[in-house]
Amino acid sequence: MSRPKPTMRPLVWESGLEIQPIYTADDVERTGGLDGVGEPGEYPFTRGVHRHMYRARPWTMRQYSGFGTAAETQERFQYLIKHGNTGLNVAFDLPTQCGLDSDDPMARGEVGRVGMAVDTLADVEEAFAGIDLDAITVSMTINGSAVALMAMYFAMARKRGYELNKLRGNAQNDILKEFIGRGTWIFPVEPSVRLVVDTMEFCAEHAPKYSPVSVCGYHVRESGATPAQEMGYGLSIACAYLERAIARGLSADRCAAGLTFNFDIHGNLWEQVAKFRAGRRLWAHLLKERYGVTDPKAMRLRMIAGGGGGGLTIQQPHNNIVRGAYYAMTSALSGTQTMALCSWDEAYTIPSEDAARLSLRTMQILATEIGLCDTVDPLAGSWFVETTTNQMEELIREQMAELERQGGIVDAVASGWAQAEVNRQAYQLERRLRSGEFPKVGVNLHVDEGEVDQDVEFHPYRREEADKQLRRLAAVKEQRDDAAVATALQRVRGAAESGANVMPVILDAVEVYATVGEVVGALKDIFGTYAEPVRF
Amino acid sequence: MTRRIRVLIAKPGLDGHDVGAKILCRALRDAGMEVIYTGLRQSAEAIAATADEEDVAVVGLSVLSGAHVPLCEQLREELDRRGLLKGLLWMVGGNIPRRDIPALQALGVGGVFPTGSDFDDIVAFIEQEVPA
């Protein structure tokens with residue numbers, strides 16, 4: 001009896017691209033050729049944004065961290081720096097992210113839980129005390145209340161003698177993606193976008209080396225989007241900010257240079273590589289052709305891309321260590337500038353110190369032991385990779401065109417269309433996971449029967465730390481000049497209402513120790529709050 | 001025809017991770033239930049009020065921030081104040097360590113579905129617990 005002939009089932013990537021078992025030069029030609037590949041460090045940057053990439057300098061390793069009070073967070077920062085972290089990626093607790101003070105009734109049980117609690121400039125001063133802000137760049141994961149937190153960071157740096165026009169770092173400050181996923185919105189869509197543009201304008205004038213916005217395809221992907229959608233939505237969001245900045249009379253070159261990106265990595269390795277190579281090329285084209293950017297340096301899509309939490313599983317959690325390593329490898333093969341890896345226990349909890357160190361060691365092993373830094377864009381020229389890069393660019397363009405048909409990303413978000421679309425994808429993926437059509441080890445195949453309990457170390461929530469924060473806030477309020485605070489907040493309302501840039505007046509307000517909640521509250525007085533279009 | 005089961009899915013507290021909650025809404029709707037979703041950042045008071053006004057048989061809370069115990073304590077108070085503790089099926093899902101399950105059950109939570117739970121199991125659980 002002869003063995004049955006193996007049958008090949010069609011293979012389709014999440015983004016919808018059908019994959020062939022064999023690729024040849026003809027496929028590359030058929031999909032647009034190699035003309036768009038170019039040289040590393042040169043327009044259109046398909047091969048990467050720097051000439052020598054990791055040969056000159058490996059990626060920045062920037063683990064996300066922060067919890068409890070500023071003092072506790074400061075300890076974890078020092079720990080990570082001691083172990084080789086070359087940048088900081090600050091997590092804030094939910095009240096801070098939602099613009100509420102620690103003593104707000106809605107903050108009960110949340111103070112310091114998923115990140116550092118910040119109420120006033122005093123907390124920011126304590127968190128970064130003793131950290132050399134020239135040597136360690138600080139990235140703040142803050143969105144809805146970004147104007148307050150950026151102002152506090154600038155005020156802290158200025159008090160310590162750093163000049164704003166030389167200060168490096170970045171804020172996430174991408175509010176449009178918060179409406180799609182992650183959910184720390186505060187104000188309605190239009191004024192929220194206006195605040196982002198205020199920070200772009202302020203930085204262009206006063207802090208040109210600081211990146212005011214890190215556009216996040218990441219959370220769109222985590223909310224259910226395909227890789228092509230992730231890149232398409234991310235680029236559309238970036239275009240929306242840029243267009244508004246240009247409409248305000250700002251230089252397209254300057255604003256484009258201030259934009260950075262944050263993308264997700266999980267799923268198919270090759271699909272991610274094609275996504276990034278295509279995304280870089282498309283962004284450069286858009287900036288040059290649509291917005292008339294002239295400086296090639298401003299056309300570079302610079303990004304943080306690391307292991308996405310969405311790929312990790314609560315089942316057989318140690319498998320996440322292996323996944324994280326492959327995600328990091330994918331990130332390096334995709335030419336990222338900065339990497340952060342979700343730690344293996346992050347499917348459940350704030351990473352333990354050991355798990356965070358393991359993520360860092362994973363990146364260090366990749367950077368030093370196995371040759372990932374040997375040469376630039378090592379996958380270039382592969383018929384498969386160049387063909388799929390060409391095809392992914394088309395799919396990304398289609399995603400952007402679909403958003404345009406919905407009136408653009410701002411309208412698509414305001415109506416709830418974008419959220420519903422991404423959620424529809426999430427539901428489909430969930431169904432495919434349940435049916436086994438989308439393979440996931442430990443979830444729908446190679447399942448450990450009888451697996452019930454995971455032996456993981458949970459990050460403890462300490463009520464006494466929250467109480468400490470409340471006492472600290474009370475003490476700062478006791479010592480500050482209340483009249484000066486009231487005057488400053490009135491000026492914040494004035495700027496919000498008149499359309500003047502709010503950043504200078506918010507900087508004044510935080511300098512006299514106005515709280516995050518007070519600054520955000522003043523803006524709410526003028527803007528109101530977002531009414532979520534509930535669609536699923 | 002039997003009356004369709006009415007379910008309220010709620011996001012209490014400040015946690016903005018609503019992918020799971022919205023997927024569950026779709027799954028319950030596909031299973032023939034009437035689903036009301038609150039949207040993000042609801043206070044315990046607002047959730048209890050909605051449960052009351054909408055006359056739902058089931059309330060499902062989705063919490064991923066780790067604040068499930070204090071949030072459930074608050075909701076229990078509010079449900080109690082409205083006399084809704086009896087006769088209402090109350091469930092919690094999200095990042096819930098198994099060691100917290102007894103504490104949640106002691107508060108009156110009928111079903112705990114940690115991240116990774118199968119939505120079909122949740123549907124089956126509701127259909128079994130709620131009298132037709």
# chains A, B, ... in the order shown; residues from 1 in each chain; ligands from 1
>>> interface_residues(of="chain A", to="chain B", cutoff="6 Å", atoms="only C-alpha atoms", output="list in words")
Gly109, Arg182, Gly183, Ser223, Tyr348, Tyr427, Val534 and Phe536 of chain A
>>> select_by_dssp(residues="region 226-449 of chain A", states="strand (DSSP E)", output="ChimeraX atom specification")
/A:259-265,303-307,338-339
>>> closest_residue(among="B:Pro102, B:Gly93, B:Gly111, B:Gly87", to="Ala57 (chain B)", atoms="only C-alpha atoms")
B:Gly87
>>> residues_around(residues="region 124-127 of chain B", least_positions_apart="2", cutoff="10 Å", atoms="only C-alpha atoms", output="MDAnalysis selection string")
chainID B and resid 5 7 28 31 33 57:58 89:91 110:111 119:122 129:132
>>> residues_around(residues="region 172-174 of chain A", least_positions_apart="5", cutoff="8 Å", atoms="only C-alpha atoms", output="list in words")
Ser139, Met140, Thr141, Ile142, Asn143, Gly144, Ala146, Val196, Pro212, Val213, Ser214, Val215 and Cys216 of chain A
